[in-house]
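Engineer: Structure file final_34.cif (mmCIF, C-alpha atoms; chains and numbers go by the auth columns) is given on the next line.
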data_my_file
loop_
_atom_site.group_PDB
_atom_site.id
_atom_site.type_symbol
_atom_site.label_atom_id
_atom_site.label_comp_id
_atom_site.label_asym_id
_atom_site.label_seq_id
_atom_site.Cartn_x
_atom_site.Cartn_y
_atom_site.Cartn_z
_atom_site.B_iso_or_equiv
_atom_site.auth_seq_id
_atom_site.auth_asym_id
ATOM 1 C CA MET A 1 39.461 151.604 122.274 0.00 51 A
ATOM 2 C CA ARG A 2 42.470 150.438 124.279 0.00 52 A
ATOM 3 C CA LYS A 3 45.185 148.421 122.520 0.00 53 A
ATOM 4 C CA ASP A 4 47.372 146.291 124.764 0.00 54 A
ATOM 5 C CA TRP A 5 49.668 145.528 121.871 0.00 55 A
ATOM 6 C CA ASP A 6 50.176 146.536 118.285 0.00 56 A
ATOM 7 C CA ILE A 7 50.572 143.557 115.944 0.00 57 A
ATOM 8 C CA ASP A 8 52.531 145.628 113.415 0.00 58 A
ATOM 9 C CA ASN A 9 55.240 146.374 115.977 0.00 59 A
ATOM 10 C CA ILE A 10 55.798 142.881 117.354 0.00 60 A
ATOM 11 C CA ASN A 11 59.238 141.451 116.708 0.00 61 A
ATOM 12 C CA PRO A 12 58.704 137.846 115.459 0.00 62 A
ATOM 13 C CA SER A 13 61.776 136.636 117.332 0.00 63 A
ATOM 14 C CA TYR A 14 59.908 137.335 120.597 0.00 64 A
ATOM 15 C CA ILE A 15 56.896 135.356 119.391 0.00 65 A
ATOM 16 C CA PHE A 16 58.801 132.427 117.895 0.00 66 A
ATOM 17 C CA ASP A 17 61.009 130.850 120.523 0.00 67 A
ATOM 18 C CA THR A 18 63.876 129.352 118.532 0.00 68 A
ATOM 19 C CA THR A 19 64.991 127.288 121.516 0.00 69 A
ATOM 20 C CA HIS A 20 62.191 124.887 120.543 0.00 70 A
ATOM 21 C CA PHE A 21 62.684 124.770 116.769 0.00 71 A
ATOM 22 C CA LYS A 22 65.372 125.468 114.157 0.00 72 A
ATOM 23 C CA VAL A 23 65.692 124.550 110.492 0.00 73 A
ATOM 24 C CA ARG A 24 68.872 125.032 108.481 0.00 74 A
ATOM 25 C CA LYS A 25 70.313 124.239 105.081 0.00 75 A
ATOM 26 C CA GLY A 26 73.987 123.714 104.479 0.00 76 A
ATOM 27 C CA ALA A 27 76.864 121.404 105.095 0.00 77 A
ATOM 28 C CA HIS A 28 80.204 121.290 106.800 0.00 78 A
ATOM 29 C CA ASN A 29 83.079 119.182 105.635 0.00 79 A
ATOM 30 C CA GLU A 30 84.274 118.015 109.011 0.00 80 A
ATOM 31 C CA LEU A 31 83.951 115.306 111.635 0.00 81 A
ATOM 32 C CA THR A 32 81.714 116.168 114.570 0.00 82 A
ATOM 33 C CA PRO A 33 82.424 114.680 117.977 0.00 83 A
ATOM 34 C CA ASN A 34 80.182 111.864 119.131 0.00 84 A
ATOM 35 C CA HIS A 35 77.347 113.668 120.923 0.00 85 A
ATOM 36 C CA THR A 36 73.698 113.721 121.959 0.00 86 A
ATOM 37 C CA HIS A 37 70.976 116.385 122.065 0.00 87 A
ATOM 38 C CA ASN A 38 67.940 116.874 124.272 0.00 88 A
ATOM 39 C CA TYR A 39 65.767 117.402 121.171 0.00 89 A
ATOM 40 C CA PHE A 40 64.824 115.637 117.955 0.00 90 A
ATOM 41 C CA GLN A 41 66.955 116.035 114.857 0.00 91 A
ATOM 42 C CA ILE A 42 65.642 115.413 111.370 0.00 92 A
ATOM 43 C CA TRP A 43 68.124 115.027 108.518 0.00 93 A
ATOM 44 C CA TYR A 44 67.396 115.098 104.789 0.00 94 A
ATOM 45 C CA VAL A 45 70.176 114.978 102.189 0.00 95 A
ATOM 46 C CA LEU A 46 69.629 117.295 99.214 0.00 96 A
ATOM 47 C CA SER A 47 72.788 116.279 97.339 0.00 97 A
ATOM 48 C CA GLY A 48 75.833 114.113 97.823 0.00 98 A
ATOM 49 C CA SER A 49 76.188 111.949 100.910 0.00 99 A
ATOM 50 C CA PHE A 50 77.914 111.810 104.297 0.00 100 A
ATOM 51 C CA TRP A 51 78.617 109.231 106.970 0.00 101 A
ATOM 52 C CA HIS A 52 76.381 109.043 109.998 0.00 102 A
ATOM 53 C CA LEU A 53 77.345 107.052 113.089 0.00 103 A
ATOM 54 C CA ILE A 54 74.363 106.334 115.330 0.00 104 A
ATOM 55 C CA ASN A 55 75.029 104.343 118.508 0.00 105 A
ATOM 56 C CA ASP A 56 78.024 102.619 116.881 0.00 106 A
ATOM 57 C CA ALA A 57 76.173 101.761 113.648 0.00 107 A
ATOM 58 C CA GLU A 58 77.766 103.586 110.713 0.00 108 A
ATOM 59 C CA PHE A 59 75.991 104.194 107.419 0.00 109 A
ATOM 60 C CA GLU A 60 76.196 106.499 104.458 0.00 110 A
ATOM 61 C CA GLN A 61 73.210 108.847 104.300 0.00 111 A
ATOM 62 C CA LYS A 62 72.657 109.686 100.634 0.00 112 A
ATOM 63 C CA GLN A 63 70.717 112.134 98.513 0.00 113 A
ATOM 64 C CA GLY A 64 66.959 111.735 98.994 0.00 114 A
ATOM 65 C CA GLU A 65 67.252 110.008 102.384 0.00 115 A
ATOM 66 C CA PHE A 66 65.455 111.109 105.542 0.00 116 A
ATOM 67 C CA VAL A 67 66.420 110.152 109.115 0.00 117 A
ATOM 68 C CA VAL A 68 64.754 111.084 112.423 0.00 118 A
ATOM 69 C CA LEU A 69 66.900 110.993 115.574 0.00 119 A
ATOM 70 C CA PRO A 70 65.060 111.177 118.899 0.00 120 A
ATOM 71 C CA PRO A 71 66.590 112.975 121.880 0.00 121 A
ATOM 72 C CA TYR A 72 69.617 111.508 123.672 0.00 122 A
ATOM 73 C CA VAL A 73 70.780 109.227 120.862 0.00 123 A
ATOM 74 C CA ASN A 74 74.565 109.117 120.424 0.00 124 A
ATOM 75 C CA HIS A 75 75.543 110.166 116.929 0.00 125 A
ATOM 76 C CA GLN A 76 78.389 111.572 114.909 0.00 126 A
ATOM 77 C CA LEU A 77 78.642 113.039 111.409 0.00 127 A
ATOM 78 C CA ASP A 78 81.594 112.587 109.094 0.00 128 A
ATOM 79 C CA ALA A 79 81.523 114.791 106.001 0.00 129 A
ATOM 80 C CA ARG A 80 85.307 115.261 105.713 0.00 130 A
ATOM 81 C CA ASN A 81 85.511 113.662 102.266 0.00 131 A
ATOM 82 C CA CYS A 82 82.102 114.772 101.064 0.00 132 A
ATOM 83 C CA PRO A 83 82.581 118.028 99.139 0.00 133 A
ATOM 84 C CA ASP A 84 79.212 117.810 97.355 0.00 134 A
ATOM 85 C CA VAL A 85 77.016 117.128 100.369 0.00 135 A
ATOM 86 C CA GLU A 86 74.189 119.504 101.182 0.00 136 A
ATOM 87 C CA TRP A 87 71.437 118.849 103.682 0.00 137 A
ATOM 88 C CA ILE A 88 68.492 120.343 105.483 0.00 138 A
ATOM 89 C CA PHE A 89 68.198 119.526 109.137 0.00 139 A
ATOM 90 C CA ILE A 90 65.658 120.380 111.763 0.00 140 A
ATOM 91 C CA ASP A 91 66.138 120.629 115.525 0.00 141 A
ATOM 92 C CA MET A 92 62.845 120.260 117.340 0.00 142 A
ATOM 93 C CA ALA A 93 61.967 119.991 121.033 0.00 143 A
ATOM 94 C CA ASP A 94 59.785 116.985 121.760 0.00 144 A
ATOM 95 C CA ASN A 95 56.977 119.298 122.887 0.00 145 A
ATOM 96 C CA PHE A 96 57.291 121.822 120.038 0.00 146 A
ATOM 97 C CA LEU A 97 54.126 120.792 118.253 0.00 147 A
ATOM 98 C CA SER A 98 52.103 120.987 121.453 0.00 148 A
ATOM 99 C CA LEU A 99 53.341 124.385 122.705 0.00 149 A
ATOM 100 C CA PHE A 100 50.675 127.071 122.604 0.00 150 A
ATOM 101 C CA PRO A 101 50.632 130.706 123.671 0.00 151 A
ATOM 102 C CA GLU A 102 48.825 131.441 126.916 0.00 152 A
ATOM 103 C CA GLY A 103 45.071 131.356 126.582 0.00 153 A
ATOM 104 C CA MET A 104 44.957 128.913 123.666 0.00 154 A
ATOM 105 C CA GLU A 105 43.527 125.443 123.953 0.00 155 A
ATOM 106 C CA LYS A 106 46.312 123.058 124.922 0.00 156 A
ATOM 107 C CA ASN A 107 45.136 119.944 123.091 0.00 157 A
ATOM 108 C CA MET A 108 47.934 118.104 121.355 0.00 158 A
ATOM 109 C CA VAL A 109 47.990 119.112 117.688 0.00 159 A
ATOM 110 C CA PHE A 110 50.217 116.259 116.606 0.00 160 A
ATOM 111 C CA ASN A 111 51.044 113.273 118.723 0.00 161 A
ATOM 112 C CA LEU A 112 54.738 112.419 118.419 0.00 162 A
ATOM 113 C CA THR A 113 53.958 108.737 118.930 0.00 163 A
ATOM 114 C CA CYS A 114 53.063 108.847 115.221 0.00 164 A
ATOM 115 C CA LEU A 115 56.801 109.263 114.613 0.00 165 A
ATOM 116 C CA ARG A 116 57.807 106.201 116.597 0.00 166 A
ATOM 117 C CA PRO A 117 58.324 104.000 113.506 0.00 167 A
ATOM 118 C CA LEU A 118 60.516 106.701 111.931 0.00 168 A
ATOM 119 C CA MET A 119 62.905 107.034 114.851 0.00 169 A
ATOM 120 C CA TYR A 120 66.022 105.280 115.977 0.00 170 A
ATOM 121 C CA SER A 121 65.016 102.503 118.307 0.00 171 A
ATOM 122 C CA GLU A 122 66.781 100.936 121.229 0.00 172 A
ATOM 123 C CA SER A 123 66.728 97.666 119.286 0.00 173 A
ATOM 124 C CA GLY A 124 69.562 99.071 117.200 0.00 174 A
ATOM 125 C CA THR A 125 67.884 100.086 113.960 0.00 175 A
ATOM 126 C CA THR A 126 67.674 103.417 112.225 0.00 176 A
ATOM 127 C CA PRO A 127 64.972 103.600 109.589 0.00 177 A
ATOM 128 C CA VAL A 128 66.252 105.382 106.504 0.00 178 A
ATOM 129 C CA ILE A 129 63.358 106.625 104.411 0.00 179 A
ATOM 130 C CA ARG A 130 64.342 106.943 100.775 0.00 180 A
ATOM 131 C CA PHE A 131 62.555 109.284 98.404 0.00 181 A
ATOM 132 C CA SER A 132 62.678 109.359 94.630 0.00 182 A
ATOM 133 C CA GLY A 133 60.772 110.857 91.724 0.00 183 A
ATOM 134 C CA GLU A 134 57.687 112.864 92.611 0.00 184 A
ATOM 135 C CA ASP A 135 58.109 112.076 96.307 0.00 185 A
ATOM 136 C CA THR A 136 61.536 113.773 96.256 0.00 186 A
ATOM 137 C CA MET A 137 60.027 116.903 94.749 0.00 187 A
ATOM 138 C CA LYS A 138 57.210 116.874 97.332 0.00 188 A
ATOM 139 C CA ILE A 139 59.447 116.429 100.393 0.00 189 A
ATOM 140 C CA GLU A 140 61.935 119.030 99.180 0.00 190 A
ATOM 141 C CA LYS A 141 59.092 121.473 98.524 0.00 191 A
ATOM 142 C CA LEU A 142 57.832 120.932 102.084 0.00 192 A
ATOM 143 C CA LEU A 143 61.337 121.308 103.537 0.00 193 A
ATOM 144 C CA PHE A 144 62.043 124.498 101.592 0.00 194 A
ATOM 145 C CA GLU A 145 58.672 125.937 102.676 0.00 195 A
ATOM 146 C CA LEU A 146 59.688 125.282 106.298 0.00 196 A
ATOM 147 C CA LEU A 147 63.103 126.832 105.730 0.00 197 A
ATOM 148 C CA ASP A 148 61.590 129.889 104.033 0.00 198 A
ATOM 149 C CA GLU A 149 59.029 130.387 106.801 0.00 199 A
ATOM 150 C CA TYR A 150 61.707 130.039 109.472 0.00 200 A
ATOM 151 C CA THR A 151 64.104 132.404 107.681 0.00 201 A
ATOM 152 C CA ASN A 152 61.483 135.086 106.970 0.00 202 A
ATOM 153 C CA ALA A 153 59.725 135.002 110.335 0.00 203 A
ATOM 154 C CA THR A 154 56.515 136.956 110.833 0.00 204 A
ATOM 155 C CA VAL A 155 54.003 137.125 113.644 0.00 205 A
ATOM 156 C CA LEU A 156 52.250 134.042 112.261 0.00 206 A
ATOM 157 C CA THR A 157 55.439 131.995 111.841 0.00 207 A
ATOM 158 C CA PRO A 158 54.792 129.671 114.821 0.00 208 A
ATOM 159 C CA VAL A 159 51.392 128.692 113.395 0.00 209 A
ATOM 160 C CA TYR A 160 52.736 128.251 109.854 0.00 210 A
ATOM 161 C CA ILE A 161 55.786 126.296 111.023 0.00 211 A
ATOM 162 C CA ARG A 162 53.666 123.873 113.040 0.00 212 A
ATOM 163 C CA SER A 163 51.258 123.422 110.141 0.00 213 A
ATOM 164 C CA LYS A 164 54.048 122.787 107.623 0.00 214 A
ATOM 165 C CA LEU A 165 55.894 120.497 110.023 0.00 215 A
ATOM 166 C CA VAL A 166 52.788 118.369 110.593 0.00 216 A
ATOM 167 C CA ARG A 167 52.321 118.127 106.795 0.00 217 A
ATOM 168 C CA LEU A 168 55.984 117.103 106.368 0.00 218 A
ATOM 169 C CA LEU A 169 55.925 114.487 109.131 0.00 219 A
ATOM 170 C CA ALA A 170 52.586 113.072 107.999 0.00 220 A
ATOM 171 C CA PHE A 171 53.907 112.773 104.433 0.00 221 A
ATOM 172 C CA VAL A 172 57.094 111.027 105.603 0.00 222 A
ATOM 173 C CA ALA A 173 55.174 108.674 107.919 0.00 223 A
ATOM 174 C CA GLU A 174 52.756 107.797 105.121 0.00 224 A
ATOM 175 C CA ARG A 175 55.588 107.088 102.677 0.00 225 A
ATOM 176 C CA TYR A 176 57.498 105.092 105.257 0.00 226 A
ATOM 177 C CA ASP A 177 54.424 103.030 105.997 0.00 227 A
ATOM 178 C CA SER A 178 54.145 102.231 102.290 0.00 228 A
ATOM 179 C CA GLN A 179 57.892 101.443 102.100 0.00 229 A
ATOM 180 C CA LEU A 180 58.034 98.846 104.836 0.00 230 A
ATOM 181 C CA THR A 181 60.734 97.178 102.797 0.00 231 A
ATOM 182 C CA SER A 182 62.926 100.238 103.423 0.00 232 A
ATOM 183 C CA THR A 183 66.431 99.388 104.591 0.00 233 A
ATOM 184 C CA ASP A 184 67.093 99.742 108.297 0.00 234 A
ATOM 185 C CA ILE A 185 70.637 100.352 109.440 0.00 235 A
ATOM 186 C CA SER A 186 71.638 97.928 112.150 0.00 236 A
#
For this file, produce the structure as structure tokens.
Structural biologist:
Amino acid sequence: MRKDWDIDNINPSYIFDTTHFKVRKGAHNELTPNHTHNYFQIWYVLSGSFWHLINDAEFEQKQGEFVVLPPYVNHQLDARNCPDVEWIFIDMADNFLSLFPEGMEKNMVFNLTCLRPLMYSESGTTPVIRFSGEDTMKIEKLLFELLDEYTNATVLTPVYIRSKLVRLLAFVAERYDSQLTSTDIS
């Protein structure tokens, strides 16, 4: 029987295109320049706080808070006086959840319009979704699962990442929907 490829010898970095998705944990105690990206950024603060400037609206993003920035939104981070801050952030191309290897069905797995209420809007508001108690444990568990999967990539990483990301975003959207009294930064 002919084998065109051997699954045990596939390097996951060739299978998982990191130009479409990255997840990192950490912090830097500096001021970033005002900038934009051509991808989504998702920020969650694990501890401490830092200042976020989004289209000239400045706010302190604190522990347990989640923010989604769509592509091309001006923003700047200021963590110069924030020695205890630690965050997890995700960079994600707008089509990441709908990218499939050749030959797979190309139906959209997760429609990003579901995220619309979570994102910065042109009206000048940035929804800040606050988590506490059991919800904090749940979101951090989901984020650390994503981070672990990304860090320890295997052949199935793209499938697992998409699955975990959909679970995370669905959980956040559900909580945000139930927190409609959440503070928006304007």
Engineer: With distances taken over only C-alpha atoms, which residue among A:Gln111, A:Tyr94, A:Tyr89, A:Val135 lies nearest Phe194 in chain A?
Structural biologist: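 Looking at the shortest contact to Phe194 in chain A, the residue is A:Tyr94.
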Engineer: Quick one: everything within 8 Å of Leu96 in chain A, counting all atoms listed in the file, minus sequence neighbours fewer than 5 positions away in the same chain. Send it as number ranges by chain.
Structural biologist: A: 113-114, 135-138, 190
Engineer: For a quick check of understanding, using only C-alpha atoms, which of A:Thr86, A:Asn145, A:Asn105, A:Gln91 has the smallest distance to Leu119 in chain A?
Structural biologist: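 The shortest atom-to-atom distance to Leu119 in chain A comes from A:Gln91.
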Engineer: To verify the selection step, state as number ranges by chain which residues the PyMOL selection byres ((chain A and resi 178-185) around 6) yields on this input.
Structural biologist: A: 114-117, 177, 186-188, 234
Engineer: What gap, in Å, lies between CA of Ile140 in chain A and CA of His78 in chain A?
Structural biologist: 15.4 Å
Engineer: Distance CA of Pro121 in chain A-CA of Phe90 in chain A, one decimal place?
Structural biologist: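 Interatomic distance here is 5.1 Å.
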Engineer: Which residues would end up in the selection if the PyMOL selection byres ((chain A and resi 131-134) around 8) were applied here, given that I need the answer as an mmCIF file with C-alpha atoms, in the coordinates of the input?
Structural biologist:
data_model
loop_
_atom_site.group_PDB
_atom_site.id
_atom_site.type_symbol
_atom_site.label_atom_id
_atom_site.label_comp_id
_atom_site.auth_asym_id
_atom_site.auth_seq_id
_atom_site.Cartn_x
_atom_site.Cartn_y
_atom_site.Cartn_z
ATOM 1 C CA ASN A 79 83.079 119.182 105.635
ATOM 2 C CA SER A 97 72.788 116.279 97.339
ATOM 3 C CA GLY A 98 75.833 114.113 97.823
ATOM 4 C CA SER A 99 76.188 111.949 100.910
ATOM 5 C CA PHE A 100 77.914 111.810 104.297
ATOM 6 C CA ASP A 128 81.594 112.587 109.094
ATOM 7 C CA ALA A 129 81.523 114.791 106.001
ATOM 8 C CA ARG A 130 85.307 115.261 105.713
ATOM 9 C CA VAL A 135 77.016 117.128 100.369
ATOM 10 C CA GLU A 136 74.189 119.504 101.182
#
Engineer: Dump as an MDAnalysis selection string all residues having an atom at most 12 Å from (57.0, 130.9, 109.4), computed in the file's coordinates with all atoms listed in the file.
Structural biologist: chainID A and resid 62:63 65:68 71:73 194:215
Engineer: When the PyMOL selection byres ((chain A and resi 104) around 8) is applied to the file above, which residues end up in the set, as an mmCIF file with C-alpha atoms, keeping the file's coordinate frame?
Structural biologist:
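Writing the result to part24.cif gives the following:
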data_model
loop_
_atom_site.group_PDB
_atom_site.id
_atom_site.type_symbol
_atom_site.label_atom_id
_atom_site.label_comp_id
_atom_site.auth_asym_id
_atom_site.auth_seq_id
_atom_site.Cartn_x
_atom_site.Cartn_y
_atom_site.Cartn_z
ATOM 1 C CA HIS A 102 76.381 109.043 109.998
ATOM 2 C CA LEU A 103 77.345 107.052 113.089
ATOM 3 C CA ASN A 105 75.029 104.343 118.508
ATOM 4 C CA ASP A 106 78.024 102.619 116.881
ATOM 5 C CA ALA A 107 76.173 101.761 113.648
ATOM 6 C CA GLU A 108 77.766 103.586 110.713
ATOM 7 C CA VAL A 123 70.780 109.227 120.862
ATOM 8 C CA ASN A 124 74.565 109.117 120.424
ATOM 9 C CA HIS A 125 75.543 110.166 116.929
ATOM 10 C CA GLN A 126 78.389 111.572 114.909
ATOM 11 C CA THR A 176 67.674 103.417 112.225
#
Engineer: Since the input lacks some atoms of range 128-141 of chain A, please model N, CA, C and O atoms and print them as a PDB file, in the coordinates of the input.
Structural biologist:
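Okay, this is what ended up in rebuild39.pdb:
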ATOM      1  N   ASP A 128      80.287 112.489 109.741  1.00  0.00           N
ATOM      2  CA  ASP A 128      81.594 112.587 109.094  1.00  0.00           C
ATOM      3  C   ASP A 128      81.376 113.000 107.644  1.00  0.00           C
ATOM      4  O   ASP A 128      80.934 112.207 106.820  1.00  0.00           O
ATOM      5  N   ALA A 129      81.659 114.261 107.361  1.00  0.00           N
ATOM      6  CA  ALA A 129      81.523 114.791 106.001  1.00  0.00           C
ATOM      7  C   ALA A 129      82.872 115.296 105.498  1.00  0.00           C
ATOM      8  O   ALA A 129      82.933 116.123 104.591  1.00  0.00           O
ATOM      9  N   ARG A 130      83.960 114.780 106.077  1.00  0.00           N
ATOM     10  CA  ARG A 130      85.307 115.261 105.713  1.00  0.00           C
ATOM     11  C   ARG A 130      85.629 115.052 104.243  1.00  0.00           C
ATOM     12  O   ARG A 130      86.280 115.884 103.638  1.00  0.00           O
ATOM     13  N   ASN A 131      85.211 113.954 103.671  1.00  0.00           N
ATOM     14  CA  ASN A 131      85.511 113.662 102.266  1.00  0.00           C
ATOM     15  C   ASN A 131      84.258 113.732 101.410  1.00  0.00           C
ATOM     16  O   ASN A 131      84.079 112.941 100.489  1.00  0.00           O
ATOM     17  N   CYS A 132      83.407 114.665 101.725  1.00  0.00           N
ATOM     18  CA  CYS A 132      82.102 114.772 101.064  1.00  0.00           C
ATOM     19  C   CYS A 132      81.881 116.210 100.566  1.00  0.00           C
ATOM     20  O   CYS A 132      81.019 116.928 101.083  1.00  0.00           O
ATOM     21  N   PRO A 133      82.653 116.622  99.564  1.00  0.00           N
ATOM     22  CA  PRO A 133      82.581 118.028  99.139  1.00  0.00           C
ATOM     23  C   PRO A 133      81.242 118.435  98.528  1.00  0.00           C
ATOM     24  O   PRO A 133      80.902 119.611  98.529  1.00  0.00           O
ATOM     25  N   ASP A 134      80.464 117.478  98.043  1.00  0.00           N
ATOM     26  CA  ASP A 134      79.212 117.810  97.355  1.00  0.00           C
ATOM     27  C   ASP A 134      77.976 117.665  98.242  1.00  0.00           C
ATOM     28  O   ASP A 134      76.860 117.831  97.764  1.00  0.00           O
ATOM     29  N   VAL A 135      78.172 117.360  99.519  1.00  0.00           N
ATOM     30  CA  VAL A 135      77.016 117.128 100.369  1.00  0.00           C
ATOM     31  C   VAL A 135      76.330 118.451 100.722  1.00  0.00           C
ATOM     32  O   VAL A 135      76.976 119.475 100.938  1.00  0.00           O
ATOM     33  N   GLU A 136      75.008 118.388 100.711  1.00  0.00           N
ATOM     34  CA  GLU A 136      74.189 119.504 101.182  1.00  0.00           C
ATOM     35  C   GLU A 136      72.945 118.892 101.822  1.00  0.00           C
ATOM     36  O   GLU A 136      72.378 117.952 101.284  1.00  0.00           O
ATOM     37  N   TRP A 137      72.561 119.413 102.965  1.00  0.00           N
ATOM     38  CA  TRP A 137      71.437 118.849 103.682  1.00  0.00           C
ATOM     39  C   TRP A 137      70.547 119.948 104.243  1.00  0.00           C
ATOM     40  O   TRP A 137      70.922 121.111 104.313  1.00  0.00           O
ATOM     41  N   ILE A 138      69.363 119.519 104.657  1.00  0.00           N
ATOM     42  CA  ILE A 138      68.492 120.343 105.483  1.00  0.00           C
ATOM     43  C   ILE A 138      68.295 119.549 106.761  1.00  0.00           C
ATOM     44  O   ILE A 138      68.043 118.344 106.724  1.00  0.00           O
ATOM     45  N   PHE A 139      68.487 120.223 107.889  1.00  0.00           N
ATOM     46  CA  PHE A 139      68.198 119.526 109.137  1.00  0.00           C
ATOM     47  C   PHE A 139      67.366 120.414 110.042  1.00  0.00           C
ATOM     48  O   PHE A 139      67.384 121.636 109.954  1.00  0.00           O
ATOM     49  N   ILE A 140      66.606 119.732 110.867  1.00  0.00           N
ATOM     50  CA  ILE A 140      65.658 120.380 111.763  1.00  0.00           C
ATOM     51  C   ILE A 140      65.975 119.938 113.186  1.00  0.00           C
ATOM     52  O   ILE A 140      66.152 118.751 113.439  1.00  0.00           O
ATOM     53  N   ASP A 141      66.059 120.905 114.094  1.00  0.00           N
ATOM     54  CA  ASP A 141      66.138 120.629 115.525  1.00  0.00           C
ATOM     55  C   ASP A 141      64.767 120.972 116.094  1.00  0.00           C
ATOM     56  O   ASP A 141      64.243 122.061 115.829  1.00  0.00           O
TER      57      ASP A 141
END
